[in-house]
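S.K.: Right, I'll just put the structure down here and ask away after.
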Amino acid sequence: MNDAALQGKLKLATAALCGCFGCHMSLLDIDERILKLVELVEFDRTPLTDIKSIGQCDIGLIEGGVANAENVEVLRDFRKHCNILVAIGECAVNGGIPAMRNQFDLQDCLQEVYIDGIGVENPLLPNDPEIPLLLDKVHPVHEVVRIDYFLPGCPPSADTIWTFINDLIEGNDISFPYSLIHYD
Amino acid sequence: MTSELETAEHPKGLKRTVIEPLTRVEGHGKVTLLQDEKQNIKQARLHISEFRGFEKFIQGRPYWELPVLVQRLCGICPVSHHLAAAKATDMIVGAAELTPTAEKIRRLMHFGQTLQSHALHFFHLCSPDLLFGFDDEVRHRNIVGVIEDEPEIAKQGVLLRKYGQEVIRVTAGKRIHGTGAIPGGINKSLSKDEIKYLKRDIGQVIEWAQQAVELVKRIFFEHYDYHMSFASIDSNMLSVIRNDGAFEIYHGGLRARDEKGNTIFDHIDYSCYGDYIREGVKNWSYMKFPFITSLGQENGWYRVGPLARVNNCDFFPTPLAERQRREFTGTAEGRTVQSTLAYHWARLIELLHCSESIAELLNDSDLYGNELLNKGELQCCGTGVIEAPRGTLFHHYEINDDGIVKKANLIVSTTNNNQAMNESIRKVASQYLDGNQLSEALLNQVEVAVRAYDPCLSCATHAMGKMPLQINLVNDKGELLDRLEKRASGEINRTV
Ligand code: SF4
């Protein structure tokens, strides 16, 4: 057994795929309840720690949709390592604002920014092998792996996330009062 | 300057080293280094691997959607994008000026957000490096470690951020991605109860902000020479400035100074930004490289953000921050402060200024006025510039007769620091990597240099990569000589 299990803590991992980080910020909006959270869970891989690869976890939270090959890899890895995988926020649930690029050709998007943009000097398309290739379209996470729970909202409020995590940890049915369900 | 390390003359046969992914920054980036057989650095690059294409996909949307749509670029400082877009759409609806109530509520919102963003960056992301050392154990080097070892500091950080977020909630309706600002003004003023609520804790917030500045100074002065020289580069500085030269983050002209403090341009109307700033493209990064046109791409790059703002302003209009500024600029002996780690110091002086300014604004009766909107004739384009927590942010839109966006240009704060972050990692590489045995502490030093800029790559399409942090040393025949791997558990393995 690892340290966390010995202390009765669950392991929690989080990742931001193609999102704005706002869902992670909303998690931090639990404010001082974070002091309680670190008693309940141990953070594994998350942008808040320097842990680079995910270990076996109880809960995984995914922000953002899938916009490039690396997102696919990370998402599959999370599915493999997390007992429960949760899509947090509109971007993860349905692609969100970044999926607005789906109505355009990817080539046109790149062209607009790096070739035809206002004030661009020496226009060219970035193509170095060191930077990753983009997917043609932005996808919601459930199109790539099985998802256990979806939390809507852009972002879901801190109270929504907090209620959810507590219900989950205590083994209660997940339920929200009306005020905690919103889609903006 | 270390620009000669940008591109190696003969890259073939050089050893390639990769640091990937960078952590405790918002978003995704990686660093590559090339060395010759004597381990001298020949090339160092910070690659930004994000691309989202906002400029394209907002084409065809009505202008009034912009303040709520474009803020989804960033959940850490959404208010900056919200307000920059709102300012651009003010111009579009022909509102040359805002009502006092609208302008003050927007300012309050912006102070709240700068406060929360600076607190987040210092306490949640960077304080572990500064409190525990760059070479602290990986498992411990995060906010949970701070909660365990320095609970009082952690608590103050969490509550400072909370206060800033509450200011945003009260002024914008939601903590993240609110809707307070609309073209020509705002959609609601404050009630007396809301003002009373915000007044309750502001005294405490100012006190904690002062303690935060003292904390960062103590850390800075403990190893003064080291902190002054670490990743330090000479650069131009760009920021917005008030008419009288005072520190300003909501509205003003553009000021640029060189490393000696000489003025390059001053009080420039930001709608003419295109005459002064252009952006270069390099094939190895999705992030563009802005520069001051008159100086050219090679010498015209600059820094933005807290370091630039505190250096560039003539004074802070609030007393506590002004006292701190004097001490800060005093260290530069007549030049500008160029230490990269001084970003942290400057950032917390700004945090103090924001809390003082909030206290002042909360006494202003315009906050509960009911004149919310101004309007004029519809214009075909609008530019909004604001000092976001991470630096100068440009939004520029052109619309057609039906009010539909035709063209857009966004220069986000972190993009302005692109070349500077590259220069800083080159400096660290030549300061500490040249000819040296690789170690985990070294890897983190490169990251510490990047973190100082508080880069927000969160518009990124990326998570932290799943690979463990890895450095490979390869000789000119492509044979692997040495490999260091930082595992998830934090341990370092030498696998060759
Ligand atoms: S759902 Fe909203 S808050 Fe969350 S990542 Fe997407 S844009 Fe950001």
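Residue names in the structure tokens use chain letters A, B, ... in the order shown, residue numbers from 1 in each chain, and ligand numbers from 1 in the order shown.
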May I have the residues within 10 Å of region 94-102 of chain A as a PyMOL selection string, using only C-alpha atoms and disregarding those fewer than 6 positions away in the same chain?
M.R.: (chain A and resi 18-20+64-67+87+108-109+136-143+152+154) or (chain B and resi 51-58+69-70+72-73+459+461)
S.K.: Grab the residues selected above and save them as a compact mmCIF listing (two decimals), in the first residue's frame with N, CA and C atoms.
M.R.:
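Okay, out_31.txt is ready:
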# COMPACT_ATOMS: atom_id res chain seq x y z
N CYS A 18 -7.44 20.89 -24.24
CA CYS A 18 -7.67 22.15 -24.95
C CYS A 18 -8.75 22.97 -24.24
N GLY A 19 -8.35 23.62 -23.15
CA GLY A 19 -9.25 24.48 -22.40
C GLY A 19 -8.52 25.75 -22.05
N CYS A 20 -9.13 26.56 -21.19
CA CYS A 20 -8.51 27.85 -20.88
C CYS A 20 -7.94 27.89 -19.48
N GLY A 64 -11.12 20.66 -20.75
CA GLY A 64 -10.73 20.92 -22.13
C GLY A 64 -11.06 19.78 -23.08
N GLY A 65 -11.21 20.13 -24.35
CA GLY A 65 -11.47 19.13 -25.37
C GLY A 65 -10.18 18.59 -25.96
N VAL A 66 -10.31 17.87 -27.05
CA VAL A 66 -9.17 17.18 -27.65
C VAL A 66 -8.84 17.85 -28.98
N ALA A 67 -7.68 18.52 -29.06
CA ALA A 67 -7.36 19.31 -30.24
C ALA A 67 -6.11 18.85 -30.96
N ALA A 87 -15.47 14.52 -16.87
CA ALA A 87 -15.30 15.64 -17.81
C ALA A 87 -15.81 16.89 -17.13
N ASP A 108 -6.84 27.21 -43.04
CA ASP A 108 -7.26 28.62 -43.08
C ASP A 108 -6.99 29.31 -41.76
N CYS A 109 -7.17 28.58 -40.65
CA CYS A 109 -6.91 29.17 -39.33
C CYS A 109 -5.44 29.52 -39.20
N ASP A 136 -7.48 17.85 -37.01
CA ASP A 136 -8.30 18.58 -37.95
C ASP A 136 -9.45 19.31 -37.25
N LYS A 137 -10.08 18.62 -36.27
CA LYS A 137 -11.21 19.19 -35.52
C LYS A 137 -10.96 19.05 -34.03
N VAL A 138 -11.66 19.87 -33.24
CA VAL A 138 -11.61 19.74 -31.79
C VAL A 138 -12.76 18.83 -31.34
N HIS A 139 -12.45 17.82 -30.53
CA HIS A 139 -13.47 16.84 -30.12
C HIS A 139 -13.76 16.90 -28.63
N PRO A 140 -15.02 16.61 -28.23
CA PRO A 140 -15.29 16.41 -26.81
C PRO A 140 -14.62 15.13 -26.32
N VAL A 141 -14.33 15.04 -25.02
CA VAL A 141 -13.53 13.91 -24.54
C VAL A 141 -14.24 12.56 -24.68
N HIS A 142 -15.58 12.54 -24.59
CA HIS A 142 -16.25 11.25 -24.65
C HIS A 142 -16.20 10.62 -26.04
N GLU A 143 -15.76 11.38 -27.02
CA GLU A 143 -15.58 10.77 -28.35
C GLU A 143 -14.29 9.97 -28.42
N PRO A 152 -21.35 20.09 -16.27
CA PRO A 152 -21.45 21.22 -17.21
C PRO A 152 -21.12 22.55 -16.54
N CYS A 154 -19.32 26.74 -17.60
CA CYS A 154 -18.11 27.31 -18.19
C CYS A 154 -17.62 28.44 -17.30
N PHE B 51 -1.92 26.22 -30.15
CA PHE B 51 -2.54 26.96 -31.24
C PHE B 51 -4.04 26.82 -31.13
N ARG B 52 -4.78 27.93 -31.13
CA ARG B 52 -6.22 27.83 -31.09
C ARG B 52 -6.94 28.57 -32.21
N GLY B 53 -6.31 29.61 -32.74
CA GLY B 53 -6.91 30.25 -33.91
C GLY B 53 -8.11 31.13 -33.66
N PHE B 54 -8.16 31.79 -32.49
CA PHE B 54 -9.27 32.71 -32.20
C PHE B 54 -9.47 33.73 -33.31
N GLU B 55 -8.33 34.26 -33.83
CA GLU B 55 -8.43 35.34 -34.83
C GLU B 55 -9.29 34.90 -36.01
N LYS B 56 -9.26 33.60 -36.31
CA LYS B 56 -10.05 33.12 -37.43
C LYS B 56 -11.51 32.88 -37.03
N PHE B 57 -11.70 32.12 -35.94
CA PHE B 57 -13.07 31.66 -35.73
C PHE B 57 -14.01 32.70 -35.11
N ILE B 58 -13.46 33.86 -34.70
CA ILE B 58 -14.42 34.90 -34.30
C ILE B 58 -14.91 35.70 -35.51
N LEU B 69 -16.97 36.19 -25.35
CA LEU B 69 -16.43 35.08 -26.14
C LEU B 69 -14.91 34.99 -26.00
N VAL B 70 -14.24 36.12 -26.22
CA VAL B 70 -12.78 36.10 -26.28
C VAL B 70 -12.14 35.87 -24.91
N ARG B 72 -12.67 33.56 -23.10
CA ARG B 72 -12.42 32.12 -22.97
C ARG B 72 -11.03 31.73 -23.47
N LEU B 73 -10.24 32.72 -23.88
CA LEU B 73 -8.83 32.47 -24.14
C LEU B 73 -8.12 32.06 -22.87
N CYS B 459 -4.04 29.41 -22.88
CA CYS B 459 -4.81 29.41 -24.11
C CYS B 459 -4.37 28.18 -24.87
N THR B 461 -3.45 24.49 -26.28
CA THR B 461 -4.23 23.33 -26.63
C THR B 461 -3.72 22.12 -25.88
S.K.: With 7 Å as the limit and counting only C-alpha atoms, what residues in chain A lie close to chain B? Please list them as a PyMOL selection string.
M.R.: chain A and resi 15-22+25+31-32+47-53+67+71+74+98+100-101+109-110+112-114+117-128+130-132
S.K.: If you count only C-alpha atoms, which residues fall within 12 Å of Gln445 (chain B), apart from same-chain ones fewer than 3 positions away, as a PyMOL selection string?
M.R.: chain B and resi 19+22-23+31+129-130+133-136+227+230-231+341+424-433+438-442+448-452
S.K.: Have a look at A:Asp184, A:Glu39, A:Leu12, A:Asp167 and name the one nearest to ligand 1; count only C-alpha atoms and all ligand atoms.
M.R.: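 That would be A:Asp184, the residue with the smallest distance to ligand 1.
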S.K.: Mind listing the strand (DSSP E or B) residues of region 81-323 of chain B, per DSSP on the backbone, as a PyMOL selection string?
M.R.: chain B and resi 181-182+185-186+236-241+246-247+253-257+263-268+277-280+289-292+302-303+315
S.K.: Identify, on the basis of only C-alpha atoms, every residue whose closest approach to Gln379 (chain B) does not exceed 8 Å; exclude the query and any residue fewer than 5 positions from it along the same chain; express the result as a ChimeraX atom specification.
M.R.: /B:91-94
S.K.: Keeping C-alpha atoms for every residue in the selection just given, could you write it to a file as a PDB file, in the first residue's frame?
M.R.:
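selection.pdb was written with the following content:
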ATOM      1  CA  MET B  91     -14.772  52.390 -29.712  1.00  0.00           C
ATOM      2  CA  ILE B  92     -16.939  50.391 -32.090  1.00  0.00           C
ATOM      3  CA  VAL B  93     -20.180  51.679 -30.554  1.00  0.00           C
ATOM      4  CA  GLY B  94     -18.733  55.189 -30.568  1.00  0.00           C
TER       5      GLY B  94
END
S.K.: Rank A:Thr163, A:Gln107, A:Asn68, A:Ser157 by their smallest atom-to-atom distance to ligand 1, using only C-alpha atoms and all ligand atoms, and report the top residue only.
M.R.: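 Closest residue, counting only C-alpha atoms and all ligand atoms: A:Ser157.
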S.K.: Among region 316-352 of chain B, which residues carry a DSSP assignment of helix (DSSP H, G or I), reported as a ChimeraX atom specification?
M.R.: /B:319-330,342-352
